[in-house]
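So this block is input_33.cif, mmCIF, C-alpha atoms, pLDDT in the B column; chains and numbers go by the auth columns:
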data_data
#
loop_
_atom_site.group_PDB
_atom_site.id
_atom_site.type_symbol
_atom_site.label_atom_id
_atom_site.label_comp_id
_atom_site.label_asym_id
_atom_site.label_seq_id
_atom_site.Cartn_x
_atom_site.Cartn_y
_atom_site.Cartn_z
_atom_site.B_iso_or_equiv
_atom_site.auth_seq_id
_atom_site.auth_asym_id
ATOM 1 C CA GLU A 1 99.597 81.111 126.362 90.00 1 G
ATOM 2 C CA MET A 2 101.841 80.107 123.478 87.00 2 G
ATOM 3 C CA LEU A 3 99.140 81.029 120.962 89.00 3 G
ATOM 4 C CA THR A 4 98.760 84.421 122.624 88.00 4 G
ATOM 5 C CA ILE A 5 102.499 85.046 122.440 85.00 5 G
ATOM 6 C CA THR A 6 102.913 83.848 118.868 81.00 6 G
ATOM 7 C CA ARG A 7 99.870 85.717 117.551 83.00 7 G
ATOM 8 C CA GLN A 8 100.492 89.126 119.147 87.00 8 G
ATOM 9 C CA GLU A 9 103.555 90.407 117.317 83.00 9 G
ATOM 10 C CA GLN A 10 102.980 93.933 118.610 82.00 10 G
ATOM 11 C CA LEU A 11 103.640 92.727 122.167 87.00 11 G
ATOM 12 C CA TYR A 12 105.873 89.707 121.564 88.00 12 G
ATOM 13 C CA SER A 13 108.218 90.431 118.684 89.00 13 G
ATOM 14 C CA ARG A 14 110.424 87.654 117.279 87.00 14 G
ATOM 15 C CA ASP A 15 112.852 90.277 116.002 90.00 15 G
ATOM 16 C CA ALA A 16 115.675 90.543 118.560 90.00 16 G
ATOM 17 C CA ARG A 17 116.469 94.022 117.276 91.00 17 G
ATOM 18 C CA ASN A 18 113.403 95.061 119.307 90.00 18 G
ATOM 19 C CA TRP A 19 114.879 93.615 122.529 90.00 19 G
ATOM 20 C CA ARG A 20 114.792 96.548 124.940 92.00 20 G
ATOM 21 C CA ASP A 21 117.354 95.163 127.393 94.00 21 G
ATOM 22 C CA LEU A 22 119.851 94.640 124.580 93.00 22 G
ATOM 23 C CA ASN A 23 119.184 98.064 123.068 93.00 23 G
ATOM 24 C CA GLU A 24 119.577 99.754 126.473 95.00 24 G
ATOM 25 C CA GLY A 25 122.822 97.927 127.264 93.00 25 G
ATOM 26 C CA ILE A 26 121.386 95.809 130.096 95.00 26 G
ATOM 27 C CA VAL A 27 122.357 92.762 128.049 94.00 27 G
ATOM 28 C CA PRO A 28 125.908 93.478 126.882 94.00 28 G
ATOM 29 C CA PRO A 29 126.842 93.023 123.207 89.00 29 G
ATOM 30 C CA HIS A 30 129.231 90.177 124.131 92.00 30 G
ATOM 31 C CA SER A 31 126.609 88.291 126.210 94.00 31 G
ATOM 32 C CA GLY A 32 126.510 84.525 125.950 94.00 32 G
ATOM 33 C CA LEU A 33 122.772 84.874 125.314 91.00 33 G
ATOM 34 C CA LEU A 34 123.240 86.388 121.871 91.00 34 G
ATOM 35 C CA PRO A 35 124.178 83.240 119.937 90.00 35 G
ATOM 36 C CA MET A 36 120.717 81.926 120.838 88.00 36 G
ATOM 37 C CA MET A 37 118.714 85.108 121.357 89.00 37 G
ATOM 38 C CA GLY A 38 120.312 87.572 118.932 90.00 38 G
ATOM 39 C CA TRP A 39 118.774 88.649 115.642 90.00 39 G
ATOM 40 C CA ARG A 40 118.996 86.372 112.629 88.00 40 G
ATOM 41 C CA ALA A 41 117.804 87.007 109.098 88.00 41 G
ATOM 42 C CA ASN A 42 115.579 83.932 109.034 90.00 42 G
ATOM 43 C CA VAL A 43 112.066 82.752 109.845 89.00 43 G
ATOM 44 C CA ILE A 44 112.808 82.680 113.577 85.00 44 G
ATOM 45 C CA GLY A 45 113.970 86.296 113.685 88.00 45 G
ATOM 46 C CA ALA A 46 111.232 87.843 111.552 90.00 46 G
ATOM 47 C CA ASP A 47 107.842 89.405 112.263 90.00 47 G
ATOM 48 C CA GLY A 48 104.814 90.250 110.176 88.00 48 G
ATOM 49 C CA PRO A 49 104.735 89.766 106.407 91.00 49 G
ATOM 50 C CA GLU A 50 108.420 88.753 106.293 92.00 50 G
ATOM 51 C CA HIS A 51 107.808 85.969 108.833 91.00 51 G
ATOM 52 C CA ARG A 52 104.777 84.731 106.905 91.00 52 G
ATOM 53 C CA ARG A 53 106.726 84.798 103.617 95.00 53 G
ATOM 54 C CA LEU A 54 109.600 82.809 105.083 94.00 54 G
ATOM 55 C CA ARG A 55 107.270 80.414 106.884 92.00 55 G
ATOM 56 C CA LYS A 56 105.088 79.560 103.862 96.00 56 G
ATOM 57 C CA PRO A 57 107.437 76.924 102.360 95.00 57 G
ATOM 58 C CA LEU A 58 107.707 75.282 105.792 91.00 58 G
ATOM 59 C CA ASP A 59 103.935 75.245 106.222 93.00 59 G
ATOM 60 C CA ASP A 60 103.494 73.855 102.696 95.00 60 G
ATOM 61 C CA GLY A 61 106.005 71.074 103.374 90.00 61 G
ATOM 62 C CA ILE A 62 104.432 70.111 106.678 89.00 62 G
ATOM 63 C CA ALA A 63 100.947 70.114 105.122 92.00 63 G
ATOM 64 C CA ARG A 64 102.100 67.443 102.636 92.00 64 G
ATOM 65 C CA MET A 65 103.302 65.081 105.369 91.00 65 G
ATOM 66 C CA ASP A 66 101.276 62.095 106.441 92.00 66 G
ATOM 67 C CA GLN A 67 100.474 63.308 109.950 92.00 67 G
ATOM 68 C CA ARG A 68 99.273 59.880 111.091 95.00 68 G
ATOM 69 C CA ARG A 69 102.512 58.235 109.970 93.00 69 G
ATOM 70 C CA VAL A 70 104.567 60.884 111.748 93.00 70 G
ATOM 71 C CA ARG A 71 102.534 60.406 114.916 95.00 71 G
ATOM 72 C CA ARG A 72 102.968 56.617 114.792 95.00 72 G
ATOM 73 C CA GLU A 73 106.733 56.977 114.298 93.00 73 G
ATOM 74 C CA VAL A 74 107.108 59.438 117.179 94.00 74 G
ATOM 75 C CA GLU A 75 104.964 57.289 119.474 96.00 75 G
ATOM 76 C CA ALA A 76 107.077 54.227 118.602 94.00 76 G
ATOM 77 C CA LEU A 77 110.263 56.203 119.257 94.00 77 G
ATOM 78 C CA CYS A 78 108.923 57.328 122.638 96.00 78 G
ATOM 79 C CA THR A 79 107.868 53.802 123.549 96.00 79 G
ATOM 80 C CA ASP A 80 111.329 52.453 122.674 93.00 80 G
ATOM 81 C CA LEU A 81 113.115 55.146 124.692 94.00 81 G
ATOM 82 C CA ILE A 82 110.894 54.583 127.728 95.00 82 G
ATOM 83 C CA ALA A 83 111.392 50.829 127.487 95.00 83 G
ATOM 84 C CA ALA A 84 115.156 51.333 127.481 91.00 84 G
ATOM 85 C CA PHE A 85 115.169 52.986 130.913 93.00 85 G
ATOM 86 C CA SER A 86 111.957 51.752 132.546 93.00 86 G
ATOM 87 C CA GLU A 87 113.452 48.455 133.698 88.00 87 G
ATOM 88 C CA ARG A 88 116.089 50.380 135.661 90.00 88 G
ATOM 89 C CA GLY A 89 113.348 52.178 137.566 89.00 89 G
ATOM 90 C CA SER A 90 114.970 55.575 137.083 91.00 90 G
ATOM 91 C CA ALA A 91 116.083 57.845 134.297 92.00 91 G
ATOM 92 C CA ASP A 92 117.587 61.197 133.511 93.00 92 G
ATOM 93 C CA LEU A 93 114.530 62.372 131.589 94.00 93 G
ATOM 94 C CA VAL A 94 116.292 65.322 130.009 95.00 94 G
ATOM 95 C CA ASN A 95 119.280 63.394 128.657 93.00 95 G
ATOM 96 C CA GLU A 96 117.545 60.085 128.000 93.00 96 G
ATOM 97 C CA TYR A 97 114.248 61.365 126.644 95.00 97 G
ATOM 98 C CA ALA A 98 113.470 65.077 126.286 95.00 98 G
ATOM 99 C CA THR A 99 116.533 65.960 124.194 94.00 99 G
ATOM 100 C CA ILE A 100 116.405 62.779 122.146 94.00 100 G
ATOM 101 C CA VAL A 101 112.742 62.738 121.054 95.00 101 G
ATOM 102 C CA PRO A 102 112.835 65.990 119.042 94.00 102 G
ATOM 103 C CA MET A 103 116.232 65.215 117.537 94.00 103 G
ATOM 104 C CA LEU A 104 115.319 61.705 116.366 93.00 104 G
ATOM 105 C CA SER A 105 111.846 62.810 115.266 92.00 105 G
ATOM 106 C CA LEU A 106 113.304 65.507 113.031 90.00 106 G
ATOM 107 C CA ALA A 107 115.976 63.136 111.755 91.00 107 G
ATOM 108 C CA SER A 108 113.238 60.719 110.731 88.00 108 G
ATOM 109 C CA LEU A 109 111.395 63.483 108.844 86.00 109 G
ATOM 110 C CA PHE A 110 114.570 64.048 106.818 85.00 110 G
ATOM 111 C CA GLY A 111 114.935 60.335 106.127 86.00 111 G
ATOM 112 C CA LEU A 112 117.845 59.768 108.507 88.00 112 G
ATOM 113 C CA ASP A 113 118.027 56.710 110.736 82.00 113 G
ATOM 114 C CA GLY A 114 118.495 56.902 114.490 75.00 114 G
ATOM 115 C CA GLU A 115 122.178 56.128 114.316 80.00 115 G
#
Give the structure from this file in structure tokens form.
Amino acid sequence: EMLTITRQEQLYSRDARNWRDLNEGIVPPHSGLLPMMGWRANVIGADGPEHRRLRKPLDDGIARMDQRRVRREVEALCTDLIAAFSERGSADLVNEYATIVPMLSLASLFGLDGE
């Protein structure tokens, strides 16, 4: 489903300026949704050739990464996080896992430590 959405720009535009509910006033211009969902002049808010142009440096950078090393680091991070709460027998999976894994994984890619 994600591939369908991301590959069919005619139906699923990334450009929030095409958002019908915003354009028709259903979503008001002062909505709390706009900081996250409003248009931005960046790779996230672009479609078509502009999106591909902006995305190319990201794709090139990711292609140069050692994918196996990244996978090992993320798996180790996940194992450590699970170990930290597994002995308790319960966890808040959003706060203790789901929000932390992407943040620490990206930090590692930029050479930052977990602290």
Q: Name every residue that the PyMOL selection byres ((chain G and resi 97-114) around 8) selects in this structure, writing the answer as a PyMOL selection string with chains first and numbers rising.
A: chain G and resi 70+73-74+77-78+81-82+92-96+115
Q | Straight-line distance linking atom CA of G:Leu3 with atom CA of G:Gly61, stated in Å to one decimal | A | 21.3 Å
Q: Could you jot down the atom CA of G:Asn42 to atom CA of G:Arg71 separation for me, Å, one decimal place?
A: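 Rounded to one decimal, the two atoms are 27.5 Å apart.
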Neighbour list for stretch 30-35 of chain G as a short mmCIF file (atom, residue, chain, number, x, y, z; two decimals) with C-alpha atoms, in the frame of the given file, cut-off 12 Å, only C-alpha atoms, skip fewer than 4 positions in-chain:
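This is the output file result-v3.cif:
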data_model
loop_
_atom_site.label_atom_id
_atom_site.label_comp_id
_atom_site.auth_asym_id
_atom_site.auth_seq_id
_atom_site.Cartn_x
_atom_site.Cartn_y
_atom_site.Cartn_z
CA ALA G 16 115.68 90.54 118.56
CA ARG G 17 116.47 94.02 117.28
CA TRP G 19 114.88 93.62 122.53
CA ASP G 21 117.35 95.16 127.39
CA LEU G 22 119.85 94.64 124.58
CA GLY G 25 122.82 97.93 127.26
CA ILE G 26 121.39 95.81 130.10
CA TRP G 39 118.77 88.65 115.64
CA ARG G 40 119.00 86.37 112.63
#
Q: Can you pull out every residue within 12 Å of G:Arg52, counting all atoms listed in the file, but drop anything in the same chain fewer than 6 positions away, and send it as an MDAnalysis selection string?
A: chainID G and resid 7 9 42:46 58:60
Using only C-alpha atoms, please write the residues we just selected to a file, as an mmCIF file, keeping the file's coordinate frame.
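Just written: part-v9.cif:
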data_model
loop_
_atom_site.group_PDB
_atom_site.id
_atom_site.type_symbol
_atom_site.label_atom_id
_atom_site.label_comp_id
_atom_site.auth_asym_id
_atom_site.auth_seq_id
_atom_site.Cartn_x
_atom_site.Cartn_y
_atom_site.Cartn_z
ATOM 1 C CA ARG G 7 99.870 85.717 117.551
ATOM 2 C CA GLU G 9 103.555 90.407 117.317
ATOM 3 C CA ASN G 42 115.579 83.932 109.034
ATOM 4 C CA VAL G 43 112.066 82.752 109.845
ATOM 5 C CA ILE G 44 112.808 82.680 113.577
ATOM 6 C CA GLY G 45 113.970 86.296 113.685
ATOM 7 C CA ALA G 46 111.232 87.843 111.552
ATOM 8 C CA LEU G 58 107.707 75.282 105.792
ATOM 9 C CA ASP G 59 103.935 75.245 106.222
ATOM 10 C CA ASP G 60 103.494 73.855 102.696
#
